[in-house]
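Visitor: See structure.pdb below, with PDB, C-alpha atoms.
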```pdb
ATOM      1  CA  MET A   1      27.955  -6.505 -33.424  1.00  0.00           C
ATOM      2  CA  THR A   2      24.664  -4.631 -33.257  1.00  0.00           C
ATOM      3  CA  ARG A   3      23.506  -4.076 -29.703  1.00  0.00           C
ATOM      4  CA  THR A   4      19.792  -4.143 -29.062  1.00  0.00           C
ATOM      5  CA  VAL A   5      17.550  -3.116 -26.205  1.00  0.00           C
ATOM      6  CA  GLU A   6      14.062  -4.197 -25.270  1.00  0.00           C
ATOM      7  CA  ARG A   7      11.154  -2.227 -26.608  1.00  0.00           C
ATOM      8  CA  VAL A   8       9.290   0.014 -24.213  1.00  0.00           C
ATOM      9  CA  LYS A   9       6.487  -1.954 -22.616  1.00  0.00           C
ATOM     10  CA  ARG A  10       3.168  -0.231 -23.195  1.00  0.00           C
ATOM     11  CA  ARG A  11       0.164  -0.683 -20.963  1.00  0.00           C
ATOM     12  CA  GLY A  12      -2.417  -3.071 -22.328  1.00  0.00           C
ATOM     13  CA  VAL A  13      -5.867  -4.374 -21.541  1.00  0.00           C
ATOM     14  CA  GLY A  14      -4.388  -6.783 -19.002  1.00  0.00           C
ATOM     15  CA  ASP A  15      -2.995  -3.858 -16.991  1.00  0.00           C
ATOM     16  CA  ASP A  16      -6.380  -2.135 -17.129  1.00  0.00           C
ATOM     17  CA  ALA A  17      -8.045  -5.323 -15.913  1.00  0.00           C
ATOM     18  CA  ALA A  18      -5.552  -5.508 -13.042  1.00  0.00           C
ATOM     19  CA  ASP A  19      -6.358  -1.895 -12.076  1.00  0.00           C
ATOM     20  CA  LEU A  20     -10.116  -2.545 -12.009  1.00  0.00           C
ATOM     21  CA  VAL A  21      -9.882  -5.785 -10.022  1.00  0.00           C
ATOM     22  CA  ARG A  22      -7.376  -4.213  -7.613  1.00  0.00           C
ATOM     23  CA  GLU A  23      -9.753  -1.346  -6.886  1.00  0.00           C
ATOM     24  CA  ALA A  24     -12.607  -3.828  -6.401  1.00  0.00           C
ATOM     25  CA  ILE A  25     -10.453  -5.661  -3.840  1.00  0.00           C
ATOM     26  CA  PHE A  26      -9.589  -2.436  -2.051  1.00  0.00           C
ATOM     27  CA  ASP A  27     -13.185  -1.217  -1.842  1.00  0.00           C
ATOM     28  CA  GLY A  28     -14.444  -4.568  -0.552  1.00  0.00           C
ATOM     29  CA  ARG A  29     -16.345  -5.871  -3.556  1.00  0.00           C
ATOM     30  CA  PHE A  30     -13.935  -8.815  -3.485  1.00  0.00           C
ATOM     31  CA  PRO A  31     -13.242  -9.411   0.225  1.00  0.00           C
ATOM     32  CA  PRO A  32     -10.400 -11.586   1.554  1.00  0.00           C
ATOM     33  CA  GLY A  33     -10.901 -15.191   0.503  1.00  0.00           C
ATOM     34  CA  ALA A  34     -13.286 -14.304  -2.348  1.00  0.00           C
ATOM     35  CA  PRO A  35     -12.873 -16.386  -5.542  1.00  0.00           C
ATOM     36  CA  LEU A  36     -11.844 -14.639  -8.750  1.00  0.00           C
ATOM     37  CA  ARG A  37     -13.150 -16.550 -11.773  1.00  0.00           C
ATOM     38  CA  GLU A  38     -11.782 -15.707 -15.202  1.00  0.00           C
ATOM     39  CA  VAL A  39     -15.045 -16.263 -17.084  1.00  0.00           C
ATOM     40  CA  GLU A  40     -17.097 -14.069 -14.736  1.00  0.00           C
ATOM     41  CA  LEU A  41     -14.486 -11.313 -14.636  1.00  0.00           C
ATOM     42  CA  ALA A  42     -14.169 -11.301 -18.428  1.00  0.00           C
ATOM     43  CA  GLN A  43     -17.929 -10.833 -18.731  1.00  0.00           C
ATOM     44  CA  GLN A  44     -18.076  -8.122 -16.067  1.00  0.00           C
ATOM     45  CA  LEU A  45     -15.105  -6.187 -17.474  1.00  0.00           C
ATOM     46  CA  GLY A  46     -15.988  -6.701 -21.132  1.00  0.00           C
ATOM     47  CA  VAL A  47     -12.557  -8.104 -22.012  1.00  0.00           C
ATOM     48  CA  SER A  48     -11.134 -11.453 -23.088  1.00  0.00           C
ATOM     49  CA  ARG A  49     -10.207 -14.221 -20.661  1.00  0.00           C
ATOM     50  CA  GLY A  50      -6.628 -13.784 -21.809  1.00  0.00           C
ATOM     51  CA  SER A  51      -6.640 -10.157 -20.663  1.00  0.00           C
ATOM     52  CA  VAL A  52      -8.153 -11.186 -17.330  1.00  0.00           C
ATOM     53  CA  ARG A  53      -5.448 -13.846 -16.971  1.00  0.00           C
ATOM     54  CA  GLU A  54      -2.771 -11.209 -17.607  1.00  0.00           C
ATOM     55  CA  GLY A  55      -4.357  -8.902 -15.034  1.00  0.00           C
ATOM     56  CA  LEU A  56      -4.538 -11.646 -12.430  1.00  0.00           C
ATOM     57  CA  ALA A  57      -0.859 -12.420 -13.025  1.00  0.00           C
ATOM     58  CA  VAL A  58      -0.072  -8.789 -12.128  1.00  0.00           C
ATOM     59  CA  LEU A  59      -2.102  -9.034  -8.919  1.00  0.00           C
ATOM     60  CA  SER A  60      -0.421 -12.322  -8.050  1.00  0.00           C
ATOM     61  CA  ARG A  61       3.006 -10.668  -8.322  1.00  0.00           C
ATOM     62  CA  GLU A  62       1.738  -7.885  -6.053  1.00  0.00           C
ATOM     63  CA  GLY A  63       0.710 -10.486  -3.468  1.00  0.00           C
ATOM     64  CA  LEU A  64      -2.987  -9.582  -3.543  1.00  0.00           C
ATOM     65  CA  ILE A  65      -4.255 -12.943  -4.772  1.00  0.00           C
ATOM     66  CA  ARG A  66      -3.332 -16.593  -4.408  1.00  0.00           C
ATOM     67  CA  THR A  67      -3.417 -18.907  -7.356  1.00  0.00           C
ATOM     68  CA  GLY A  68      -1.904 -22.153  -8.581  1.00  0.00           C
ATOM     69  CA  TRP A  69      -2.470 -25.317 -10.558  1.00  0.00           C
ATOM     70  CA  HIS A  70      -5.744 -27.096  -9.750  1.00  0.00           C
ATOM     71  CA  ARG A  71      -6.728 -24.560  -7.110  1.00  0.00           C
ATOM     72  CA  PRO A  72      -9.093 -21.584  -7.297  1.00  0.00           C
ATOM     73  CA  THR A  73      -7.767 -18.058  -7.561  1.00  0.00           C
ATOM     74  CA  THR A  74      -8.768 -16.100  -4.454  1.00  0.00           C
ATOM     75  CA  VAL A  75      -8.093 -12.785  -2.764  1.00  0.00           C
ATOM     76  CA  ILE A  76      -5.548 -13.296  -0.005  1.00  0.00           C
ATOM     77  CA  ASP A  77      -6.772 -13.790   3.532  1.00  0.00           C
ATOM     78  CA  ILE A  78      -5.133 -11.458   6.042  1.00  0.00           C
ATOM     79  CA  GLU A  79      -3.343 -13.649   8.565  1.00  0.00           C
ATOM     80  CA  PRO A  80      -1.209 -12.453  11.501  1.00  0.00           C
ATOM     81  CA  GLU A  81       1.873 -14.072   9.974  1.00  0.00           C
ATOM     82  CA  ASP A  82       1.379 -12.071   6.764  1.00  0.00           C
ATOM     83  CA  VAL A  83       1.062  -8.844   8.733  1.00  0.00           C
ATOM     84  CA  GLU A  84       4.217  -9.574  10.731  1.00  0.00           C
ATOM     85  CA  GLU A  85       6.256 -10.255   7.599  1.00  0.00           C
ATOM     86  CA  VAL A  86       4.978  -7.374   5.485  1.00  0.00           C
ATOM     87  CA  TYR A  87       5.126  -4.730   8.200  1.00  0.00           C
ATOM     88  CA  ALA A  88       8.587  -5.818   9.375  1.00  0.00           C
ATOM     89  CA  LEU A  89       9.791  -5.216   5.826  1.00  0.00           C
ATOM     90  CA  ARG A  90       7.853  -1.976   5.544  1.00  0.00           C
ATOM     91  CA  GLU A  91       9.342  -0.682   8.794  1.00  0.00           C
ATOM     92  CA  ALA A  92      12.860  -1.087   7.411  1.00  0.00           C
ATOM     93  CA  LEU A  93      11.928   0.401   4.019  1.00  0.00           C
ATOM     94  CA  ASP A  94      10.027   3.398   5.398  1.00  0.00           C
ATOM     95  CA  GLY A  95      12.797   4.163   7.873  1.00  0.00           C
ATOM     96  CA  LEU A  96      15.374   4.271   5.084  1.00  0.00           C
ATOM     97  CA  ALA A  97      13.051   6.231   2.784  1.00  0.00           C
ATOM     98  CA  ALA A  98      12.434   8.912   5.417  1.00  0.00           C
ATOM     99  CA  ARG A  99      16.117   9.153   6.294  1.00  0.00           C
ATOM    100  CA  THR A 100      17.062   9.483   2.621  1.00  0.00           C
ATOM    101  CA  ALA A 101      14.271  11.928   1.828  1.00  0.00           C
ATOM    102  CA  GLN A 102      15.330  14.244   4.664  1.00  0.00           C
ATOM    103  CA  SER A 103      18.534  15.191   2.852  1.00  0.00           C
ATOM    104  CA  ARG A 104      16.669  15.933  -0.405  1.00  0.00           C
ATOM    105  CA  ILE A 105      13.351  17.459   0.646  1.00  0.00           C
ATOM    106  CA  GLY A 106      12.455  20.913  -0.610  1.00  0.00           C
ATOM    107  CA  ASP A 107       9.774  23.468   0.178  1.00  0.00           C
ATOM    108  CA  SER A 108       7.493  22.242  -2.610  1.00  0.00           C
ATOM    109  CA  ASP A 109       7.790  18.680  -1.276  1.00  0.00           C
ATOM    110  CA  VAL A 110       6.825  19.823   2.209  1.00  0.00           C
ATOM    111  CA  SER A 111       3.852  21.727   0.794  1.00  0.00           C
ATOM    112  CA  HIS A 112       2.672  18.628  -1.071  1.00  0.00           C
ATOM    113  CA  LEU A 113       2.954  16.427   2.035  1.00  0.00           C
ATOM    114  CA  LEU A 114       1.132  19.022   4.156  1.00  0.00           C
ATOM    115  CA  ALA A 115      -1.645  19.227   1.564  1.00  0.00           C
ATOM    116  CA  LEU A 116      -2.140  15.459   1.765  1.00  0.00           C
ATOM    117  CA  VAL A 117      -2.324  15.599   5.563  1.00  0.00           C
ATOM    118  CA  ASP A 118      -4.787  18.503   5.377  1.00  0.00           C
ATOM    119  CA  ARG A 119      -6.994  16.322   3.164  1.00  0.00           C
ATOM    120  CA  MET A 120      -6.714  13.507   5.722  1.00  0.00           C
ATOM    121  CA  ALA A 121      -7.797  15.933   8.446  1.00  0.00           C
ATOM    122  CA  ALA A 122     -10.753  17.109   6.374  1.00  0.00           C
ATOM    123  CA  GLU A 123     -11.809  13.508   5.714  1.00  0.00           C
ATOM    124  CA  THR A 124     -11.622  12.509   9.392  1.00  0.00           C
ATOM    125  CA  ALA A 125     -13.694  15.577  10.260  1.00  0.00           C
ATOM    126  CA  GLY A 126     -16.286  14.648   7.651  1.00  0.00           C
ATOM    127  CA  ARG A 127     -17.378  11.272   6.286  1.00  0.00           C
ATOM    128  CA  GLY A 128     -14.302   9.419   7.427  1.00  0.00           C
ATOM    129  CA  ASP A 129     -14.360   7.143   4.400  1.00  0.00           C
ATOM    130  CA  ALA A 130     -11.821   4.352   4.958  1.00  0.00           C
ATOM    131  CA  THR A 131     -11.015   3.951   1.268  1.00  0.00           C
ATOM    132  CA  VAL A 132     -10.323   7.666   0.799  1.00  0.00           C
ATOM    133  CA  LEU A 133      -8.218   7.869   3.953  1.00  0.00           C
ATOM    134  CA  VAL A 134      -6.041   4.931   3.002  1.00  0.00           C
ATOM    135  CA  HIS A 135      -5.553   6.272  -0.533  1.00  0.00           C
ATOM    136  CA  LEU A 136      -4.284   9.529   1.032  1.00  0.00           C
ATOM    137  CA  ASP A 137      -2.127   7.627   3.513  1.00  0.00           C
ATOM    138  CA  ILE A 138      -0.503   5.569   0.755  1.00  0.00           C
ATOM    139  CA  ALA A 139      -0.061   8.700  -1.397  1.00  0.00           C
ATOM    140  CA  PHE A 140       1.843  10.325   1.490  1.00  0.00           C
ATOM    141  CA  HIS A 141       4.287   7.427   1.625  1.00  0.00           C
ATOM    142  CA  ASP A 142       4.535   7.226  -2.176  1.00  0.00           C
ATOM    143  CA  THR A 143       5.671  10.846  -2.043  1.00  0.00           C
ATOM    144  CA  LEU A 144       8.372  10.058   0.522  1.00  0.00           C
ATOM    145  CA  TYR A 145       9.798   7.400  -1.774  1.00  0.00           C
ATOM    146  CA  THR A 146       9.672   9.798  -4.715  1.00  0.00           C
ATOM    147  CA  ILE A 147      11.570  12.416  -2.718  1.00  0.00           C
ATOM    148  CA  ALA A 148      14.146   9.834  -1.622  1.00  0.00           C
ATOM    149  CA  ALA A 149      14.810   9.134  -5.340  1.00  0.00           C
ATOM    150  CA  ASN A 150      16.349   5.701  -4.781  1.00  0.00           C
ATOM    151  CA  GLN A 151      15.096   3.468  -7.588  1.00  0.00           C
ATOM    152  CA  ARG A 152      15.887   0.173  -5.873  1.00  0.00           C
ATOM    153  CA  LEU A 153      14.258   1.332  -2.659  1.00  0.00           C
ATOM    154  CA  THR A 154      11.171   2.423  -4.592  1.00  0.00           C
ATOM    155  CA  ARG A 155      10.950  -0.956  -6.356  1.00  0.00           C
ATOM    156  CA  ALA A 156      11.124  -2.707  -2.975  1.00  0.00           C
ATOM    157  CA  TRP A 157       8.263  -0.495  -1.722  1.00  0.00           C
ATOM    158  CA  GLN A 158       6.184  -1.163  -4.828  1.00  0.00           C
ATOM    159  CA  ALA A 159       6.609  -4.910  -4.328  1.00  0.00           C
ATOM    160  CA  VAL A 160       4.643  -4.760  -1.058  1.00  0.00           C
ATOM    161  CA  ARG A 161       2.617  -1.591  -1.642  1.00  0.00           C
ATOM    162  CA  SER A 162      -0.630  -3.285  -2.710  1.00  0.00           C
ATOM    163  CA  GLN A 163      -0.586  -5.660   0.264  1.00  0.00           C
ATOM    164  CA  ILE A 164       0.024  -2.744   2.623  1.00  0.00           C
ATOM    165  CA  HIS A 165      -2.857  -0.864   1.006  1.00  0.00           C
ATOM    166  CA  LEU A 166      -5.206  -3.807   1.580  1.00  0.00           C
ATOM    167  CA  PHE A 167      -3.964  -4.349   5.146  1.00  0.00           C
ATOM    168  CA  GLN A 168      -4.422  -0.658   5.974  1.00  0.00           C
ATOM    169  CA  ILE A 169      -8.008  -0.707   4.723  1.00  0.00           C
ATOM    170  CA  ARG A 170      -8.684  -3.667   7.024  1.00  0.00           C
ATOM    171  CA  ARG A 171      -6.996  -1.802   9.883  1.00  0.00           C
ATOM    172  CA  VAL A 172      -9.122   1.317   9.391  1.00  0.00           C
ATOM    173  CA  ARG A 173     -12.404  -0.543   8.995  1.00  0.00           C
ATOM    174  CA  ASP A 174     -11.782  -2.620  12.132  1.00  0.00           C
ATOM    175  CA  GLY A 175     -10.463   0.253  14.240  1.00  0.00           C
ATOM    176  CA  TYR A 176     -11.554   3.548  12.735  1.00  0.00           C
ATOM    177  CA  LEU A 177     -11.512   5.645  15.914  1.00  0.00           C
ATOM    178  CA  PRO A 178      -7.898   4.873  16.913  1.00  0.00           C
ATOM    179  CA  TYR A 179      -6.811   5.461  13.322  1.00  0.00           C
ATOM    180  CA  ARG A 180      -8.732   8.749  13.126  1.00  0.00           C
ATOM    181  CA  ASP A 181      -7.111   9.943  16.322  1.00  0.00           C
ATOM    182  CA  SER A 182      -3.570   9.160  15.168  1.00  0.00           C
ATOM    183  CA  VAL A 183      -3.347   9.435  11.383  1.00  0.00           C
ATOM    184  CA  VAL A 184      -3.095  13.227  11.116  1.00  0.00           C
ATOM    185  CA  ARG A 185      -0.897  13.647  14.197  1.00  0.00           C
ATOM    186  CA  GLU A 186       1.614  10.978  13.189  1.00  0.00           C
ATOM    187  CA  HIS A 187       1.972  12.203   9.619  1.00  0.00           C
ATOM    188  CA  ARG A 188       2.489  15.783  10.791  1.00  0.00           C
ATOM    189  CA  GLN A 189       5.184  14.517  13.158  1.00  0.00           C
ATOM    190  CA  ILE A 190       6.935  12.811  10.258  1.00  0.00           C
ATOM    191  CA  ILE A 191       6.879  16.064   8.272  1.00  0.00           C
ATOM    192  CA  ARG A 192       8.370  17.995  11.199  1.00  0.00           C
ATOM    193  CA  SER A 193      11.112  15.387  11.505  1.00  0.00           C
ATOM    194  CA  LEU A 194      11.809  15.622   7.774  1.00  0.00           C
ATOM    195  CA  GLN A 195      12.297  19.370   8.180  1.00  0.00           C
ATOM    196  CA  GLY A 196      14.803  18.815  10.985  1.00  0.00           C
ATOM    197  CA  ALA A 197      18.466  17.923  10.824  1.00  0.00           C
ATOM    198  CA  ASP A 198      18.545  14.630  12.713  1.00  0.00           C
ATOM    199  CA  PRO A 199      18.460  11.637  10.335  1.00  0.00           C
ATOM    200  CA  GLN A 200      18.199   9.171  13.214  1.00  0.00           C
ATOM    201  CA  ALA A 201      15.144  10.981  14.592  1.00  0.00           C
ATOM    202  CA  VAL A 202      13.260  10.939  11.299  1.00  0.00           C
ATOM    203  CA  GLU A 203      14.077   7.275  10.731  1.00  0.00           C
ATOM    204  CA  ARG A 204      12.922   6.448  14.247  1.00  0.00           C
ATOM    205  CA  MET A 205       9.680   8.389  13.738  1.00  0.00           C
ATOM    206  CA  ALA A 206       8.945   6.580  10.456  1.00  0.00           C
ATOM    207  CA  ARG A 207       9.622   3.165  11.974  1.00  0.00           C
ATOM    208  CA  GLU A 208       7.472   3.889  15.042  1.00  0.00           C
ATOM    209  CA  HIS A 209       4.637   4.957  12.740  1.00  0.00           C
ATOM    210  CA  VAL A 210       4.753   1.573  10.972  1.00  0.00           C
ATOM    211  CA  ALA A 211       5.123  -0.360  14.231  1.00  0.00           C
ATOM    212  CA  ALA A 212       1.970   1.303  15.582  1.00  0.00           C
ATOM    213  CA  ALA A 213       0.068   0.349  12.431  1.00  0.00           C
ATOM    214  CA  ARG A 214       1.237  -3.252  12.739  1.00  0.00           C
ATOM    215  CA  GLN A 215       0.143  -3.535  16.368  1.00  0.00           C
ATOM    216  CA  SER A 216      -3.242  -1.979  15.626  1.00  0.00           C
ATOM    217  CA  LEU A 217      -3.945  -4.418  12.801  1.00  0.00           C
ATOM    218  CA  LEU A 218      -2.716  -7.426  14.769  1.00  0.00           C
ATOM    219  CA  ALA A 219      -5.011  -6.464  17.642  1.00  0.00           C
ATOM    220  CA  SER A 220      -8.002  -6.600  15.302  1.00  0.00           C
ATOM    221  CA  LEU A 221      -6.926  -9.994  13.958  1.00  0.00           C
ATOM    222  CA  ARG A 222      -6.318 -11.375  17.467  1.00  0.00           C
ATOM    223  CA  PRO A 223      -9.221  -9.996  19.525  1.00  0.00           C
ATOM    224  CA  ASP A 224      -8.039 -11.831  22.627  1.00  0.00           C
ATOM    225  CA  THR A 225      -4.885  -9.670  22.727  1.00  0.00           C
ATOM    226  CA  ARG A 226      -6.739  -6.386  23.093  1.00  0.00           C
TER     227      ARG A 226
END
```
Can you give me the file's structure in the form of C-alpha cells?
Guide:
Amino acid sequence: MTRTVERVKRRGVGDDAADLVREAIFDGRFPPGAPLREVELAQQLGVSRGSVREGLAVLSREGLIRTGWHRPTTVIDIEPEDVEEVYALREALDGLAARTAQSRIGDSDVSHLLALVDRMAAETAGRGDATVLVHLDIAFHDTLYTIAANQRLTRAWQAVRSQIHLFQIRRVRDGYLPYRDSVVREHRQIIRSLQGADPQAVERMAREHVAAARQSLLASLRPDTR
C-alpha cells in the first residue's frame, strides 16, 4: 500500500491578512471590543472577503477575537478572568521553558538574550514606546522557548502567545512607570539564573516574573485594588 503524507502548507493571503489585522490590534487601531467587519477589512487590505475570513479564523484560534453565528466579530475585551487563566498557564509554561533552557543554553544564546535586554534598556531610556517594548519582551521569551527546544512546549506557548502580547501592551500602557522600572532588571535576573546551575532557582525566577506581570495588569483592571 502506498503511504502518503500531507503537502507542506504554504502561507497564503489569509495568513497575510491575519498578520496585518493582528498588528493593528496590537498597536491599538482595533482596541478591545472593536468590531471587525469582513467587507471593510477586505476593502482596506485590498484582498477578497474569503481571505479576510481565513485571516480572522487564524486570529480566532489565537484567542484575539470573538466570533460566532449571528454575532459580530470583535476584538476580545480584557477581563480579569481572562488574565487569571492565561497568566496561570503562562507561569507554568515559562517556568518549564526556563528550567529546560538552562541545561541547553550556550554563549551565543546568552549574547542574543543580553542584546534584547540592552535594546529594552535603550527604549526605556528614550521614547519608551509600549509597542516596541512589548515586541522585545515577547522576543526574549520566544528565544527561551527556542533554546528549550521542546516542540510540544513551544506549541503550548504559541497557543497563548498572541493573547499575552495583547495583555502586555495593555499592562504597559496602563502602568508604564512600574514596567519601565522592572522590565530590564527582571530579564537580566532571568539571564543570570539561566547561567547558573540551579534549575529550581531559574524556574522560580521565571514564574515570579510572570506572577508580577499578572498582578500589575490585574491592578489596572481593578482600580479599587491598588
Visitor: Where does the PyMOL selection byres ((chain A and resi 153-165) around 7) land in this file, that is, which residues does it pick, as a ChimeraX atom specification?
Guide: /A:62-64,93,134,138,145,150-152,166-169
Visitor: List the residues selected by the PyMOL selection byres ((chain A and resi 17-30) around 7) in the file shown, writing them as a ChimeraX atom specification.
Guide: /A:13-16,31-32,34,51-52,55-56,58-59,131,166
Visitor: Do a neighbour search on stretch 102-107 of chain A at 12 Å with only C-alpha atoms, toss out local chain neighbours closer than 2 positions, and write the hits as a VMD selection string.
Guide: chain A and resid 95 to 100 109 to 114 143 to 150 190 to 203 206
Visitor: Give me a file of those residues, with C-alpha atoms, as a PDB file, in the frame of the given file.
Guide:
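To be explicit, this is the file written out as again-v4.pdb:
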```pdb
ATOM      1  CA  GLY A  95      12.797   4.163   7.873  1.00  0.00           C
ATOM      2  CA  LEU A  96      15.374   4.271   5.084  1.00  0.00           C
ATOM      3  CA  ALA A  97      13.051   6.231   2.784  1.00  0.00           C
ATOM      4  CA  ALA A  98      12.434   8.912   5.417  1.00  0.00           C
ATOM      5  CA  ARG A  99      16.117   9.153   6.294  1.00  0.00           C
ATOM      6  CA  THR A 100      17.062   9.483   2.621  1.00  0.00           C
ATOM      7  CA  ASP A 109       7.790  18.680  -1.276  1.00  0.00           C
ATOM      8  CA  VAL A 110       6.825  19.823   2.209  1.00  0.00           C
ATOM      9  CA  SER A 111       3.852  21.727   0.794  1.00  0.00           C
ATOM     10  CA  HIS A 112       2.672  18.628  -1.071  1.00  0.00           C
ATOM     11  CA  LEU A 113       2.954  16.427   2.035  1.00  0.00           C
ATOM     12  CA  LEU A 114       1.132  19.022   4.156  1.00  0.00           C
ATOM     13  CA  THR A 143       5.671  10.846  -2.043  1.00  0.00           C
ATOM     14  CA  LEU A 144       8.372  10.058   0.522  1.00  0.00           C
ATOM     15  CA  TYR A 145       9.798   7.400  -1.774  1.00  0.00           C
ATOM     16  CA  THR A 146       9.672   9.798  -4.715  1.00  0.00           C
ATOM     17  CA  ILE A 147      11.570  12.416  -2.718  1.00  0.00           C
ATOM     18  CA  ALA A 148      14.146   9.834  -1.622  1.00  0.00           C
ATOM     19  CA  ALA A 149      14.810   9.134  -5.340  1.00  0.00           C
ATOM     20  CA  ASN A 150      16.349   5.701  -4.781  1.00  0.00           C
ATOM     21  CA  ILE A 190       6.935  12.811  10.258  1.00  0.00           C
ATOM     22  CA  ILE A 191       6.879  16.064   8.272  1.00  0.00           C
ATOM     23  CA  ARG A 192       8.370  17.995  11.199  1.00  0.00           C
ATOM     24  CA  SER A 193      11.112  15.387  11.505  1.00  0.00           C
ATOM     25  CA  LEU A 194      11.809  15.622   7.774  1.00  0.00           C
ATOM     26  CA  GLN A 195      12.297  19.370   8.180  1.00  0.00           C
ATOM     27  CA  GLY A 196      14.803  18.815  10.985  1.00  0.00           C
ATOM     28  CA  ALA A 197      18.466  17.923  10.824  1.00  0.00           C
ATOM     29  CA  ASP A 198      18.545  14.630  12.713  1.00  0.00           C
ATOM     30  CA  PRO A 199      18.460  11.637  10.335  1.00  0.00           C
ATOM     31  CA  GLN A 200      18.199   9.171  13.214  1.00  0.00           C
ATOM     32  CA  ALA A 201      15.144  10.981  14.592  1.00  0.00           C
ATOM     33  CA  VAL A 202      13.260  10.939  11.299  1.00  0.00           C
ATOM     34  CA  GLU A 203      14.077   7.275  10.731  1.00  0.00           C
ATOM     35  CA  ALA A 206       8.945   6.580  10.456  1.00  0.00           C
TER      36      ALA A 206
END
```
Visitor: What is the distance between atom CA of A:His70 and atom CA of A:Gly50, in Å to one decimal?
Guide: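 Atom CA of A:His70 sits 18.0 Å away from atom CA of A:Gly50.
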Visitor: Point out the residue among A:Arg37, A:Arg188, A:Arg90, A:Arg119 with the least atom-to-atom distance to A:Arg53, counting all atoms listed in the file.
Guide: A:Arg37
Visitor: Could you state which residues are captured by the PyMOL selection byres ((chain A and resi 71-79) around 6) in this file, as a VMD selection string?
Guide: chain A and resid 32 to 36 64 to 70 80 to 82
Visitor: Using atom CA of A:Gln215 and atom CA of A:Arg171 as the two end points, give the distance in Å to one decimal.
Guide: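 Interatomic distance here is 9.8 Å.
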Visitor: For the atom pair atom CA of A:Tyr176 and atom CA of A:Ala219, what is the interatomic distance in Å to one decimal place?
Guide: 12.9 Å
Visitor: Box in all listed atoms of stretch 187-197 of chain A, axis-aligned, with 6 Å more on each side; write out centre and edge lengths in Å to one decimal as AutoDock Vina command-line options.
Guide:
```
--center_x 10.2 --center_y 15.8 --center_z 10.5 --size_x 28.5 --size_y 19.2 --size_z 17.4
```
Visitor: Tell me, as a ChimeraX atom specification, which residues lie within 9 Å of A:Glu91, counting all atoms listed in the file; anything in the same chain fewer than 6 positions away does not count.
Guide: /A:206-211
Visitor: Nearest to A:Arg180 among A:Met205, A:Val83, A:His141, A:Thr124, with distances taken over all atoms listed in the file: which residue is it?
Guide: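 Distance minimum relative to A:Arg180 lands on A:Thr124.
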